[in-house]
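Worksheet: the structure to be examined is printed underneath.
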Amino acid sequence: LSLVFLRIQEFKAVLSNQKIDLKALRELCFSGVPCEGGIRALCWKILLNYLPLDQALWEAFLKKQRDLYAQFLREMIIQPGIAKANLGVSRDVTLEDHPLNPNPDSRWNTYFKDNEVLLQIDKDVRRLYPDMAFFQRPTDFPCQLILDPENAYETLRKRVEQTTLKAQTVNRNRSGVTNVSSPGKALNLYPSNEYEVLPNGCEAHWEVVERILFVYAKLNPGIAYVQGMNEIVGPIYYTFATDPSSQWKEHAEADTFFCFTSLMSENRDNFIKSLDDSQCGITFKMESVFSKLKEKDTELYLKLQEQNIKPQYFTFRWLTLLLSQEFLLPDVIRIWDSLFSDQERFEFLIPVCCAMLTLIRDQLLAGDFTTNMRLLQDYPISDVHAILIKAKELQDDL
């Protein structure tokens with residue numbers, strides 16, 4: 001217990017400086033950040049280049065960023081909903097004077113295009129960490145801007161329900177006859193026992209994550225939304241939304257959005273297919289794991305080569321999703337303490353992946369192709385501490 005207390009004191013000492021010493025903070029965080037007192041949420045906000053190092057700037061900076069996020073919500077969620085309500089279902093109405101766009105037809109088309117992205121996000125966020133109740137629970141701080149009782153703004157959940165309802169109700173068969181299924185059945189998108197519908201004015205944590213991803217997709221049309229981004233935003237949001245301080249927790253959505261954006265600006269190359277063969281693309285990173293393995297454990301490397309087990313069979317998921325699918329959430333969060341605090345950020349992922357292989361070398365050397373693929377797809381070791389120690393050894397032992 002006293003060790004934990006000492007460790008918290010070390011963090012408090014670094015975080016109490018007016019100007020934070022980033023090098024000292026990185027060194028501390030690399031060995032894991034204490035769960036207590038919202039220290040981790042604060043450290044991640046600094047490590048992910050969100051909060052400035054000078055604490056005197058924090059208050060004004062946070063206000064500016066959170067106001068900016070509120071503006072995004074107005075433009076990307078509230079206004080299109082109002083515009084759609086104004087347009088009704090008639091496609092030929094022209095609204096030259098509409099504030100959103102001088103060409104309302106394109107905005108109307110955009111609305112439908114956005115629905116495709118939204119449905120994909122919706123499917124993914126509803127099943128975020130299904131073994132944890134957290135994401136299904138209501139947040140203490142629902143988005144008042146959108147859930148304003150004075151205005152019946154369209155929420156993303158409502159939008160998804162309406163879109164899915166339309167798709168299910170009107171079902172044209174091949175001969176052109178339209179079958180209209182019963183709307184009652186169509187509304188039952190998700191079995192009630194699986195997803196409790198929260199009363200009006202409440203929203204579940206997964207809905208907040210959905211909004212973050214939708215806004216990100218709108219602001220970054222070049223990448224929009226790629227499956228897996230939900231796994232990256234999840235642990236950040238969880239960390240911020242469980243902060244014991246309500247003044248931080250209240251703004252978990254906006255803060256997560258900006259930290260996720262910052263993380264994606266460094267990690268987006270992994271999601272963009274056109275960059276695959278470049279130095280920053282995912283192919284290069286996957287091959288780096290095998291080059292590192294060849295250098296550190298030639299016998300194991302040759303075994304995987306001989307069995308034709310290619311790096312893309314398993315390292316694609318490891319690297320792209322920053323190992324978020326391989327371990328339980330608390331362990332993912334612990335790995336991310338080290339990843340975020342590494343100067344080279346994602347360079348440290350390479351030795352981590354290599355360590356994961358060398359720690360199960362005996363099993364891999366003894367197994368056939370099928371057994372080994374199963375091991376790599378469902379990684380057997382849950383002790384992330386051992387993995388991180390081994391990874392540090394591999395990184396230092398050049």
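Letters for chains follow the order of the structure tokens (A, B, ...), residue numbers begin at 1 for each chain, and ligand numbers begin at 1 in the order shown.
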
Tell me which protein, DNA and RNA residues are within 7 Å of region 113-127 of chain A, counting only C-alpha atoms, leaving out same-chain ones fewer than 4 positions away, and put them as a PDB file with C-alpha atoms, in the first residue's frame.
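This went into result-v2.pdb:
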```
ATOM      1  CA  ASN A 109     -27.827  13.855 -50.270  1.00  0.00           C
ATOM      2  CA  VAL A 160     -30.564   5.283 -36.658  1.00  0.00           C
ATOM      3  CA  TRP A 206     -22.126   3.975 -26.001  1.00  0.00           C
ATOM      4  CA  VAL A 209     -18.980   7.240 -28.133  1.00  0.00           C
ATOM      5  CA  GLU A 210     -21.213   7.052 -31.226  1.00  0.00           C
ATOM      6  CA  PHE A 214     -19.760  10.460 -36.065  1.00  0.00           C
ATOM      7  CA  TYR A 225     -15.042   5.882 -40.132  1.00  0.00           C
ATOM      8  CA  ASN A 230     -14.557   2.260 -31.884  1.00  0.00           C
TER       9      ASN A 230
END
```

Spatial neighbours of region 341-352 of chain A, max dist 9 Å, only C-alpha atoms, sep filter under 4 positions, as a PyMOL selection string:
chain A and resi 23+25-30+44+47-48+266-267+285-286+288-289+292-293+318-319+322-323+336-337+356-357+387-388+390-395

Would you put the residues from that selection into a file with N, CA, C and O atoms, as a short mmCIF file (atom, residue, chain, number, x, y, z; two decimals), in the first residue's frame?
```cif
data_model
loop_
_atom_site.label_atom_id
_atom_site.label_comp_id
_atom_site.auth_asym_id
_atom_site.auth_seq_id
_atom_site.Cartn_x
_atom_site.Cartn_y
_atom_site.Cartn_z
N LYS A 23 9.36 15.14 -19.98
CA LYS A 23 10.28 13.99 -19.95
C LYS A 23 10.07 13.21 -18.64
O LYS A 23 9.96 11.99 -18.63
N LEU A 25 7.41 13.24 -16.75
CA LEU A 25 6.07 12.64 -16.75
C LEU A 25 6.06 11.36 -17.58
O LEU A 25 5.49 10.34 -17.19
N ARG A 26 6.72 11.41 -18.75
CA ARG A 26 6.77 10.22 -19.61
C ARG A 26 7.44 9.05 -18.90
O ARG A 26 6.97 7.92 -18.97
N GLU A 27 8.53 9.35 -18.23
CA GLU A 27 9.26 8.28 -17.52
C GLU A 27 8.38 7.64 -16.46
O GLU A 27 8.36 6.42 -16.30
N LEU A 28 7.65 8.46 -15.72
CA LEU A 28 6.76 7.92 -14.69
C LEU A 28 5.64 7.09 -15.31
O LEU A 28 5.34 5.99 -14.86
N CYS A 29 5.00 7.64 -16.34
CA CYS A 29 3.83 6.98 -16.95
C CYS A 29 4.22 5.67 -17.63
O CYS A 29 3.40 4.75 -17.71
N PHE A 30 5.44 5.59 -18.10
CA PHE A 30 5.87 4.38 -18.83
C PHE A 30 5.70 3.13 -17.96
O PHE A 30 5.38 2.06 -18.44
N TRP A 44 -2.98 11.23 -19.50
CA TRP A 44 -3.26 10.93 -20.92
C TRP A 44 -3.56 12.21 -21.70
O TRP A 44 -3.16 12.35 -22.85
N LEU A 47 -0.14 13.59 -22.34
CA LEU A 47 0.66 12.74 -23.24
C LEU A 47 0.11 12.73 -24.67
O LEU A 47 0.86 12.57 -25.63
N LEU A 48 -1.21 12.89 -24.80
CA LEU A 48 -1.81 12.88 -26.14
C LEU A 48 -1.84 14.28 -26.76
O LEU A 48 -2.60 14.55 -27.70
N GLU A 266 -1.82 10.40 -35.45
CA GLU A 266 -0.57 9.63 -35.46
C GLU A 266 -0.80 8.20 -35.93
O GLU A 266 0.13 7.53 -36.36
N ASN A 267 -2.03 7.73 -35.80
CA ASN A 267 -2.31 6.31 -36.05
C ASN A 267 -3.14 6.10 -37.32
O ASN A 267 -3.37 4.97 -37.74
N LYS A 285 4.88 -1.76 -40.91
CA LYS A 285 4.92 -2.03 -39.47
C LYS A 285 4.82 -3.53 -39.18
O LYS A 285 5.48 -4.05 -38.30
N MET A 286 3.95 -4.22 -39.95
CA MET A 286 3.79 -5.66 -39.73
C MET A 286 5.11 -6.37 -40.04
O MET A 286 5.52 -7.28 -39.32
N SER A 288 8.01 -5.08 -39.80
CA SER A 288 8.99 -4.70 -38.76
C SER A 288 8.93 -5.65 -37.57
O SER A 288 9.94 -5.93 -36.94
N VAL A 289 7.71 -6.15 -37.26
CA VAL A 289 7.57 -7.09 -36.14
C VAL A 289 8.37 -8.36 -36.46
O VAL A 289 9.12 -8.87 -35.62
N LYS A 292 12.17 -7.73 -36.40
CA LYS A 292 12.63 -7.67 -35.00
C LYS A 292 12.73 -9.09 -34.43
O LYS A 292 13.69 -9.43 -33.75
N LEU A 293 11.73 -9.92 -34.76
CA LEU A 293 11.73 -11.30 -34.27
C LEU A 293 12.92 -12.07 -34.85
O LEU A 293 13.60 -12.81 -34.14
N TRP A 318 -3.30 -6.52 -34.09
CA TRP A 318 -2.52 -6.07 -32.93
C TRP A 318 -2.11 -4.61 -33.09
O TRP A 318 -2.24 -3.80 -32.19
N LEU A 319 -1.57 -4.30 -34.28
CA LEU A 319 -0.99 -2.97 -34.51
C LEU A 319 -2.05 -1.90 -34.75
O LEU A 319 -1.98 -0.81 -34.20
N LEU A 322 -4.01 -1.17 -31.60
CA LEU A 322 -3.15 -0.92 -30.43
C LEU A 322 -3.40 -1.94 -29.32
O LEU A 322 -3.49 -1.59 -28.14
N LEU A 323 -3.57 -3.20 -29.74
CA LEU A 323 -3.75 -4.35 -28.84
C LEU A 323 -5.04 -4.31 -28.02
O LEU A 323 -5.20 -5.06 -27.06
N TRP A 336 -1.46 0.98 -22.73
CA TRP A 336 -1.51 2.32 -23.34
C TRP A 336 -0.76 3.36 -22.51
O TRP A 336 -0.25 4.33 -23.08
N ASP A 337 -0.68 3.17 -21.18
CA ASP A 337 0.16 4.07 -20.37
C ASP A 337 1.57 4.10 -20.97
O ASP A 337 2.17 5.16 -21.14
N MET A 356 5.35 -10.47 -27.23
CA MET A 356 4.19 -11.38 -27.16
C MET A 356 4.51 -12.71 -27.86
O MET A 356 4.08 -13.78 -27.43
N LEU A 357 5.29 -12.63 -28.93
CA LEU A 357 5.67 -13.85 -29.65
C LEU A 357 6.71 -14.66 -28.87
O LEU A 357 6.57 -15.87 -28.70
N ILE A 387 4.79 -8.89 -20.32
CA ILE A 387 4.95 -8.54 -21.74
C ILE A 387 5.70 -7.21 -21.87
O ILE A 387 6.63 -7.07 -22.66
N LEU A 388 5.30 -6.23 -21.04
CA LEU A 388 5.92 -4.91 -21.12
C LEU A 388 7.39 -4.93 -20.69
O LEU A 388 8.24 -4.25 -21.27
N LYS A 390 9.42 -7.52 -20.96
CA LYS A 390 10.13 -8.18 -22.06
C LYS A 390 10.31 -7.21 -23.24
O LYS A 390 11.37 -7.15 -23.86
N ALA A 391 9.24 -6.44 -23.53
CA ALA A 391 9.30 -5.49 -24.64
C ALA A 391 10.37 -4.44 -24.40
O ALA A 391 11.11 -4.06 -25.32
N LYS A 392 10.46 -3.97 -23.16
CA LYS A 392 11.47 -2.96 -22.81
C LYS A 392 12.86 -3.54 -23.00
O LYS A 392 13.76 -2.87 -23.53
N GLU A 393 13.05 -4.80 -22.59
CA GLU A 393 14.34 -5.49 -22.80
C GLU A 393 14.68 -5.53 -24.29
O GLU A 393 15.80 -5.21 -24.69
N LEU A 394 13.72 -5.92 -25.10
CA LEU A 394 13.94 -6.03 -26.55
C LEU A 394 14.24 -4.67 -27.16
O LEU A 394 15.04 -4.54 -28.08
N GLN A 395 13.59 -3.63 -26.62
CA GLN A 395 13.81 -2.29 -27.16
C GLN A 395 15.20 -1.78 -26.80
O GLN A 395 15.89 -1.20 -27.62
#
```

Quick one: residues within 7 Å of region 73-83 of chain A, only C-alpha atoms, excluding same-chain residues fewer than 4 positions away - as a PDB file with all heavy atoms, in the first residue's frame?
```
ATOM      1  N   TYR A  69     -16.239  22.049 -29.636  1.00  0.00           N
ATOM      2  CA  TYR A  69     -16.922  20.761 -29.795  1.00  0.00           C
ATOM      3  C   TYR A  69     -18.443  20.962 -29.815  1.00  0.00           C
ATOM      4  O   TYR A  69     -19.153  20.350 -30.617  1.00  0.00           O
ATOM      5  CB  TYR A  69     -16.517  19.787 -28.682  1.00  0.00           C
ATOM      6  CG  TYR A  69     -17.112  18.408 -28.881  1.00  0.00           C
ATOM      7  CD1 TYR A  69     -16.627  17.562 -29.889  1.00  0.00           C
ATOM      8  CD2 TYR A  69     -18.168  17.945 -28.101  1.00  0.00           C
ATOM      9  CE1 TYR A  69     -17.182  16.303 -30.100  1.00  0.00           C
ATOM     10  CE2 TYR A  69     -18.732  16.688 -28.308  1.00  0.00           C
ATOM     11  CZ  TYR A  69     -18.226  15.875 -29.308  1.00  0.00           C
ATOM     12  OH  TYR A  69     -18.781  14.634 -29.537  1.00  0.00           O
ATOM     13  N   LEU A  87     -37.455  20.093 -44.482  1.00  0.00           N
ATOM     14  CA  LEU A  87     -37.641  19.602 -45.857  1.00  0.00           C
ATOM     15  C   LEU A  87     -38.757  18.570 -45.941  1.00  0.00           C
ATOM     16  O   LEU A  87     -39.290  18.313 -47.000  1.00  0.00           O
ATOM     17  CB  LEU A  87     -36.338  18.963 -46.357  1.00  0.00           C
ATOM     18  CG  LEU A  87     -35.266  19.947 -46.834  1.00  0.00           C
ATOM     19  CD1 LEU A  87     -33.939  19.234 -46.946  1.00  0.00           C
ATOM     20  CD2 LEU A  87     -35.638  20.559 -48.167  1.00  0.00           C
ATOM     21  N   ILE A 146     -28.127  18.642 -27.037  1.00  0.00           N
ATOM     22  CA  ILE A 146     -28.968  17.881 -27.959  1.00  0.00           C
ATOM     23  C   ILE A 146     -30.259  17.422 -27.276  1.00  0.00           C
ATOM     24  O   ILE A 146     -31.320  17.407 -27.886  1.00  0.00           O
ATOM     25  CB  ILE A 146     -28.183  16.679 -28.529  1.00  0.00           C
ATOM     26  CG1 ILE A 146     -27.044  17.211 -29.413  1.00  0.00           C
ATOM     27  CG2 ILE A 146     -29.086  15.750 -29.353  1.00  0.00           C
ATOM     28  CD1 ILE A 146     -26.087  16.169 -29.905  1.00  0.00           C
ATOM     29  N   TYR A 153     -34.801  17.932 -30.656  1.00  0.00           N
ATOM     30  CA  TYR A 153     -33.763  17.697 -31.665  1.00  0.00           C
ATOM     31  C   TYR A 153     -33.641  16.206 -31.952  1.00  0.00           C
ATOM     32  O   TYR A 153     -33.855  15.377 -31.062  1.00  0.00           O
ATOM     33  CB  TYR A 153     -32.399  18.225 -31.186  1.00  0.00           C
ATOM     34  CG  TYR A 153     -32.317  19.718 -31.075  1.00  0.00           C
ATOM     35  CD1 TYR A 153     -31.718  20.323 -29.970  1.00  0.00           C
ATOM     36  CD2 TYR A 153     -32.832  20.553 -32.072  1.00  0.00           C
ATOM     37  CE1 TYR A 153     -31.631  21.703 -29.852  1.00  0.00           C
ATOM     38  CE2 TYR A 153     -32.748  21.929 -31.968  1.00  0.00           C
ATOM     39  CZ  TYR A 153     -32.156  22.502 -30.858  1.00  0.00           C
ATOM     40  OH  TYR A 153     -32.062  23.863 -30.745  1.00  0.00           O
ATOM     41  N   GLU A 154     -33.235  15.913 -33.175  1.00  0.00           N
ATOM     42  CA  GLU A 154     -33.063  14.505 -33.539  1.00  0.00           C
ATOM     43  C   GLU A 154     -31.737  13.991 -32.985  1.00  0.00           C
ATOM     44  O   GLU A 154     -30.672  14.521 -33.302  1.00  0.00           O
ATOM     45  CB  GLU A 154     -33.068  14.372 -35.074  1.00  0.00           C
ATOM     46  CG  GLU A 154     -32.961  12.945 -35.544  1.00  0.00           C
ATOM     47  CD  GLU A 154     -32.895  12.838 -37.066  1.00  0.00           C
ATOM     48  OE1 GLU A 154     -32.016  13.470 -37.679  1.00  0.00           O
ATOM     49  OE2 GLU A 154     -33.720  12.111 -37.630  1.00  0.00           O
ATOM     50  N   VAL A 215     -18.935  12.640 -35.358  1.00  0.00           N
ATOM     51  CA  VAL A 215     -18.366  13.974 -35.572  1.00  0.00           C
ATOM     52  C   VAL A 215     -16.973  13.844 -36.204  1.00  0.00           C
ATOM     53  O   VAL A 215     -16.621  14.570 -37.136  1.00  0.00           O
ATOM     54  CB  VAL A 215     -18.311  14.784 -34.254  1.00  0.00           C
ATOM     55  CG1 VAL A 215     -17.538  16.083 -34.427  1.00  0.00           C
ATOM     56  CG2 VAL A 215     -19.729  15.082 -33.759  1.00  0.00           C
TER      57      VAL A 215
END
```

Length of the CA of Asp243 (chain A) to CA of Thr139 (chain A) vector [Å]:
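Taking CA of Asp243 (chain A) as the start and CA of Thr139 (chain A) as the end point, the length is 12.4 Å.
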